[in-house]
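Input: a single structure, listed below in structure tokens.
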Amino acid sequence: MPVVDVDPDELRRLTGTERDDETLKSDLFALGLEFEGETDDGAFRLEFAPDRLDRLSVEGIARSLRYQYGTDRGVHVPDCTDAEWTIEVDDSVPDERPYVTGAVVRGLDLGEAELESVIQLQEKLHATMGRGRAKGAIGVHDLTMLKPAGPDKRVVYRGIDPEGDTFVPLDDDAERTPAAVLETHPVGETYGDLVAGLERYPAIYDDIGLFSFPPVINGRRTEVEAGSRDLLVEMTGTDQWTVDRMLAIVCYALDARGGQLEAVTVEYDDRELRRPDLSTTTKTVSHERIERTLGVDIAGEDVVDLLERSGLDAERSDGDDDDGADEPDLEAVPSHATRTAGTTEAETEADTGDEGDADDLAYDVEIPAYRVDVRHPADVVDDVGRAYGFNDLEPRYPDVSTVGGRNERSRLEDAARDALVGLGFEDLLNFHLTGETELFDRMGLSPDNDAVGAREPATITEPYSEAYTVVRTWALPSLLLVLENNTHRAYPQDLAEIGLVAGVDETEPTNVAEDRSVAGVVARTDASYEDAKGRLQAVARAFDARLETPPTDHPSFIDGRTAAVVLDGESVGVVGELHPRVLVDHDLEVPVAGFEFRLDGLR
Amino acid sequence: MRLPDTQVALLEAASATETKTVAQLADELGEDPAAVTRAAFELKEEGLLDVEEHVAEEVALTEEGDRYRDEGLPERRLYEAALEVGADERPAPIGRLVGAADLDGEAVDIALTNLARKGLGEIDDGAVLVDPDAGDDPEAEALSAVAEGSTGYLDSGVLDRLESRGLLERTETTVRSVTLSDDGVTVLMEGVEAAETVGQVTPELLTSGEWADVEFADYNVEADAGTVAGGREHILRRTANRVKDVLVGMGFREMEGPHADAEFWINDCLFMPQDHPARTHWDQFGLEVPPMESVPEDLLERVEDAHRNGVGEDGDGYHSPWTPEVAKQVDLRGHTTSLSMRHLSGFAAGELEPPQRYFSVEKVYRNDTLDPTHLLEFFQIEGWVMAEELSVRDLMGTFTEFYEQFGITDLEFKPHYNPYTEPSFELFGEHPETGELIEIGNSGIFREEVLSPLGVDGDVMAWGLALERLLMLMYGFEDIRDVHGTLCDLELLRNVEVVH
């Protein structure tokens, strides 16, 4: 989940409140922003779910608080003057990164703190919506350091040969080619993969030359510093909607800092866009849906109020009727106490209203461009609920009747486990993930053997650690590991486990065969084949299964003291005395007898 | 009078005039001192014997003390070496004396400190001048005396000094001594005989009828018996079954399904965009097997459509890439919501009409960092309710009921975000022991983008929770690795308290 660092004084100033730190924290918690501690500079570290990306900066959080406090209501769309500058998209732009957007912001007065906040917003947007700059990358430049070409103040987004030009990157002092940046510059290491393999690298030019190498690094020439007043914000990416919305979030933040937005013309080969796109979208939400989801009756005017307090605008949806003047007053469409049974308030209100309209009542809700999380009317309902206060709702047990029950496999597993525990086995629960060394090498087994446990394991593509690379093909190795890790504990150690084992099997729909395996070991100074077999017999008897144990061989067991486990005529496992080679490898100084068989043998 | 063997022997060995210690008597009788002590107290109960207790101090040399007894105290050795070279008249440099006395390491410091302390000589400017008339050394003499066991006449100040130098140890023991009481003398005069005692009840004893004529030897019934380990169901399994019991009681049916599954069921059905950060290999385990082809085509198309275009007139999709190849890739499931998707779609158990309640308590796999509260695999409690109409209040009511069964009350519902539910809530509850507010689950009402492609008619609410979290709450474990996995501690599993 994203974390943003926010200076509480800055937040108070932008919000226009005097509330103390503790009150702020609790107000923020109500918004879903959790206080995770303070930075060395005393800033709040706030963590939140990655939906409201407009809250990735202090400006956005202040905006949310102003709505929460009722200081602001409804949608605000920042003023944006006509375009002077143009971003031209050249044919040479790499196909892998075809989209660009941009805006000019003038009249800012950026101090160190404001600058830091802009940089934080940029980095946080990269990490979230920008998918690590792959999907969208932001470049912010000092406008006065740019020299656009021609009367329509052109900068050009194009593709260039990786060795085709040079510039001085940020935090550097030498002219380098884009290819050289990837090799020598620290950011090259982090973001180099995003362009590696491209025939042409993305680059943005003004009349002087290359000034930005998205998505890797900007040029030093246009670096923004405290005191920079006019900015060019450009974004490139793999999706127009994504870069436009990232831009909208940045523009709203800079607007809150007193910047004047100025449009930029983005000129593609076949179309021209006026950016930033700060237009609102509309979703129609039915009153019925709101009441149904919240489970309460709620008056129409209250819904509008709640939506406005969420920073949205709402008006009654008029459907086919174009004449808005005829709309009945929302006060006349109150709740009719169907959900909050017995609340007299609602009943009284219901009497005054025109109930006939309530079922068709819907709202056209206007949503500002920074709300990248709203994709369905349900998301608007959620806003209503949050503004209403979910925790004010009274829990009720749903009035629907169903019949519960366990499934057969889980009941069989439990019954078998009970039988093992009754025989004195310590029931264990081991990881399904393990390493091939544990499964095979240390058991003296090879995946190619024709033996219990020998099969091709399901292997993890990019394992986290060498100890956990495959799903176990059998369970006895897990029990031996537990014995190995508990040699300092009292003997006898009689251990058993019923759990998942798996192997690659292309006849299965998932290409992985999954079985439940029953494994047991008896470790004590006098453990022998008979101890294992005796317990196995007891289990088979408990499930009325006919047990036969014809001799077999298995590399993990001693020859001549190993048998197949045949239940009701089907060979389902192995029983025997573990080979001393295996025991010594597990640092064991007592004999161990054991068995493993498929649980479905007991069915 | 008939008495058990040991008591008879002790009574006969004890004297009315001479006090004997238990140790002496045990030695005399060739019996175990513990048995003699026990018999002594039993006879005291009968009033036949008087038992006195006093605390005795034993003094013994430590290893270092023993060594100095052989080699001489370091300061004495230095002193002797100094006398040899005539340092009683002319100061001799320390370096030379140390060599002559064969001292090294900390023995040098010990020698110098104690030399000065005892007034054997003076140290000035790196040289030693000794007093030829220093006389005997009571500490050296005490070492020998302690070793020979004759400490009675030693000055306790000297012993204290040796103890503080770590050269001897004092231990206190309780010595019991017995004398025959007047009643004891009377009884002895009247004559006592040993009763035949029997250690074990045997089949022969029972069948022969001999049992009627014997006396059973007393056991020390208060002593600890040998440890019986026995078998136990694993504590985490037990907790899982308790959860299952509760859910079955609330009308939930158990789901099952594959651990290795197509990303389609794990992620795509859940309206998780294919470029969602949680879908990288950093978070989930892909398997090196061919893709799963048996994903129903029409369902696949409907899910793709929901991702691209959203659901409903006003619905928007994701602006993210989507390919069937990614959807068919086989992973270890990162949550058991894959089972919910299989069931809700009708794929697992046929078409389901509302109302329904389903649950599972099954393993999930996450590419996480192993630490005391995180494992690569853990159990997830997953549950969902399908009805014609469900609200946030129904969700709250269901969870309030469920968590109350585990002593967790006063739930708080923190509005949250999940790609697959709206509204969504993180559940917080009060820790039953510490009273802290802790996160105990994640929940919500499934989005239309999830339900509509699956063909579900009605509302579905769902929640998930790590079983290990519940276990740690219930039992107060601090490191989950002690319990779950091959690093488990058998001792802990054997001894953990049963919670029911």
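By order of appearance in the structure tokens: chains A, B, ..., then residues from 1 within every chain, and ligands from 1 in the order shown.
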
Residues near Gly47 in chain B, cut-off 12 Å, only C-alpha atoms, skip fewer than 6 positions along chain, as an MDAnalysis selection string: chainID B and resid 11 40:41 179:187

For C-alpha atoms, I'd like the residues from the last selection saved as a PDB file, in the first residue's frame.
ATOM      1  CA  LEU B  11      14.685 -48.092  64.317  1.00  0.00           C
ATOM      2  CA  ALA B  40      12.830 -41.347  59.446  1.00  0.00           C
ATOM      3  CA  PHE B  41       9.948 -38.961  58.881  1.00  0.00           C
ATOM      4  CA  THR B 179      17.593 -40.141  68.033  1.00  0.00           C
ATOM      5  CA  LEU B 180      15.261 -42.773  69.363  1.00  0.00           C
ATOM      6  CA  SER B 181      12.349 -41.340  71.321  1.00  0.00           C
ATOM      7  CA  ASP B 182      11.094 -42.843  74.539  1.00  0.00           C
ATOM      8  CA  ASP B 183       8.203 -44.459  72.669  1.00  0.00           C
ATOM      9  CA  GLY B 184      10.707 -45.788  70.168  1.00  0.00           C
ATOM     10  CA  VAL B 185      12.700 -47.414  72.928  1.00  0.00           C
ATOM     11  CA  THR B 186       9.520 -48.962  74.328  1.00  0.00           C
ATOM     12  CA  VAL B 187       8.454 -50.320  70.971  1.00  0.00           C
TER      13      VAL B 187
END

Range 449-459 of chain A surroundings by only C-alpha atoms, 6 Å radius, close-in-sequence under 5 positions cut, as a list in words: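 Near neighbours after the sequence-gap exclusion: Val470, Val471, Thr473, Trp474, Gly503 and Val504 of chain A; Leu287 and Glu288 of chain B.
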
Would you save the residues of that selection, restricted to N, CA and C atoms, as a short mmCIF file (atom, residue, chain, number, x, y, z; two decimals), in the first residue's frame?
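For reference, selection_4.cif as written:
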data_model
loop_
_atom_site.label_atom_id
_atom_site.label_comp_id
_atom_site.auth_asym_id
_atom_site.auth_seq_id
_atom_site.Cartn_x
_atom_site.Cartn_y
_atom_site.Cartn_z
N VAL A 470 9.96 -25.98 -5.10
CA VAL A 470 9.00 -26.91 -5.68
C VAL A 470 7.90 -27.24 -4.67
N VAL A 471 6.78 -27.78 -5.19
CA VAL A 471 5.76 -28.34 -4.31
C VAL A 471 6.18 -29.78 -4.01
N THR A 473 6.63 -33.66 -3.55
CA THR A 473 6.04 -34.80 -4.25
C THR A 473 5.63 -35.88 -3.26
N TRP A 474 6.21 -35.83 -2.07
CA TRP A 474 5.81 -36.74 -1.00
C TRP A 474 6.07 -36.08 0.34
N GLY A 503 2.53 -33.26 -8.26
CA GLY A 503 3.54 -33.48 -9.29
C GLY A 503 2.99 -33.06 -10.64
N VAL A 504 3.89 -32.79 -11.56
CA VAL A 504 3.46 -32.39 -12.91
C VAL A 504 2.74 -33.58 -13.55
N LEU B 287 4.07 -21.42 -11.89
CA LEU B 287 4.61 -22.78 -11.98
C LEU B 287 5.08 -23.06 -13.41
N GLU B 288 6.15 -23.86 -13.48
CA GLU B 288 6.70 -24.21 -14.80
C GLU B 288 5.93 -25.36 -15.40
#

Quick one, how far is CA of Gly424 in chain A from CA of Glu408 in chain A?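 About the pair CA of Gly424 in chain A and CA of Glu408 in chain A: they are 24.8 Å apart.
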
Please determine, counting only C-alpha atoms, which residue among A:Ile208, A:Leu14, A:Ala387, A:Val374 has the shortest atom-to-atom distance to Gly317 in chain B.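 Ranked by minimum distance to Gly317 in chain B, first place goes to A:Val374.
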
Residue list for chain B near chain A as an mmCIF file with C-alpha atoms, in the first residue's frame, 7 Å, only C-alpha atoms:
data_model
loop_
_atom_site.group_PDB
_atom_site.id
_atom_site.type_symbol
_atom_site.label_atom_id
_atom_site.label_comp_id
_atom_site.auth_asym_id
_atom_site.auth_seq_id
_atom_site.Cartn_x
_atom_site.Cartn_y
_atom_site.Cartn_z
ATOM 1 C CA GLY B 230 0.936 -39.133 23.499
ATOM 2 C CA GLY B 231 -0.374 -37.998 20.153
ATOM 3 C CA ARG B 232 -2.073 -34.677 19.525
ATOM 4 C CA GLU B 233 -3.767 -33.017 16.664
ATOM 5 C CA HIS B 234 -1.692 -30.111 15.401
ATOM 6 C CA VAL B 248 -20.900 -25.016 9.524
ATOM 7 C CA GLY B 249 -23.014 -23.981 12.484
ATOM 8 C CA MET B 250 -23.739 -20.706 10.733
ATOM 9 C CA GLY B 251 -24.971 -22.548 7.643
ATOM 10 C CA PHE B 252 -21.817 -22.492 5.496
ATOM 11 C CA ARG B 253 -20.831 -25.376 3.202
ATOM 12 C CA GLU B 254 -17.210 -26.270 2.623
ATOM 13 C CA ALA B 260 -2.324 -24.918 -8.508
ATOM 14 C CA ASP B 261 -4.797 -23.040 -10.653
ATOM 15 C CA ALA B 262 -5.102 -20.793 -13.671
ATOM 16 C CA HIS B 281 6.293 -12.784 -9.583
ATOM 17 C CA PHE B 285 4.308 -18.169 -7.482
ATOM 18 C CA GLY B 286 4.081 -19.093 -11.160
ATOM 19 C CA LEU B 287 4.612 -22.777 -11.984
ATOM 20 C CA GLU B 288 6.699 -24.210 -14.798
ATOM 21 C CA VAL B 289 3.846 -26.149 -16.379
ATOM 22 C CA PRO B 290 1.916 -25.618 -19.624
ATOM 23 C CA MET B 292 -4.452 -24.441 -18.373
ATOM 24 C CA SER B 294 -9.800 -25.910 -19.891
ATOM 25 C CA ASP B 314 -21.945 3.580 -16.951
ATOM 26 C CA GLY B 315 -19.185 1.066 -16.406
ATOM 27 C CA ASP B 316 -15.562 1.694 -17.336
ATOM 28 C CA GLY B 317 -12.928 -0.955 -17.766
ATOM 29 C CA HIS B 319 -6.832 0.787 -19.203
ATOM 30 C CA VAL B 330 -0.873 -21.773 -13.824
ATOM 31 C CA PRO B 355 -29.386 -18.082 -0.931
ATOM 32 C CA GLN B 356 -26.020 -19.790 -0.467
ATOM 33 C CA ARG B 357 -23.259 -19.740 2.102
ATOM 34 C CA ASN B 367 5.896 -14.685 -2.281
ATOM 35 C CA GLU B 377 2.210 -20.391 2.747
ATOM 36 C CA LEU B 390 -27.389 -7.968 0.755
ATOM 37 C CA SER B 391 -26.260 -4.769 2.370
ATOM 38 C CA VAL B 392 -23.274 -3.594 4.320
ATOM 39 C CA ARG B 393 -25.342 -4.186 7.440
ATOM 40 C CA ASP B 394 -25.728 -7.891 6.597
ATOM 41 C CA MET B 396 -21.385 -6.438 9.474
ATOM 42 C CA GLY B 397 -23.903 -8.694 11.186
ATOM 43 C CA THR B 398 -22.356 -11.861 9.807
ATOM 44 C CA GLU B 412 -14.752 -1.767 13.601
ATOM 45 C CA PHE B 413 -15.216 -1.579 9.876
ATOM 46 C CA LYS B 414 -12.596 0.570 8.204
ATOM 47 C CA PRO B 415 -13.563 1.447 4.637
ATOM 48 C CA HIS B 416 -10.949 -0.071 2.367
ATOM 49 C CA TYR B 417 -10.176 -0.756 -1.260
ATOM 50 C CA GLU B 422 -17.098 -2.352 -3.272
ATOM 51 C CA PRO B 423 -17.728 -1.289 -0.609
ATOM 52 C CA HIS B 484 3.889 -24.198 11.221
ATOM 53 C CA GLY B 485 6.492 -25.955 9.097
ATOM 54 C CA THR B 486 9.574 -28.109 9.471
ATOM 55 C CA LEU B 487 11.264 -25.717 11.916
ATOM 56 C CA CYS B 488 8.504 -26.483 14.406
ATOM 57 C CA ASP B 489 9.430 -27.228 17.979
ATOM 58 C CA LEU B 490 8.042 -30.604 19.066
ATOM 59 C CA GLU B 491 8.257 -29.561 22.693
#
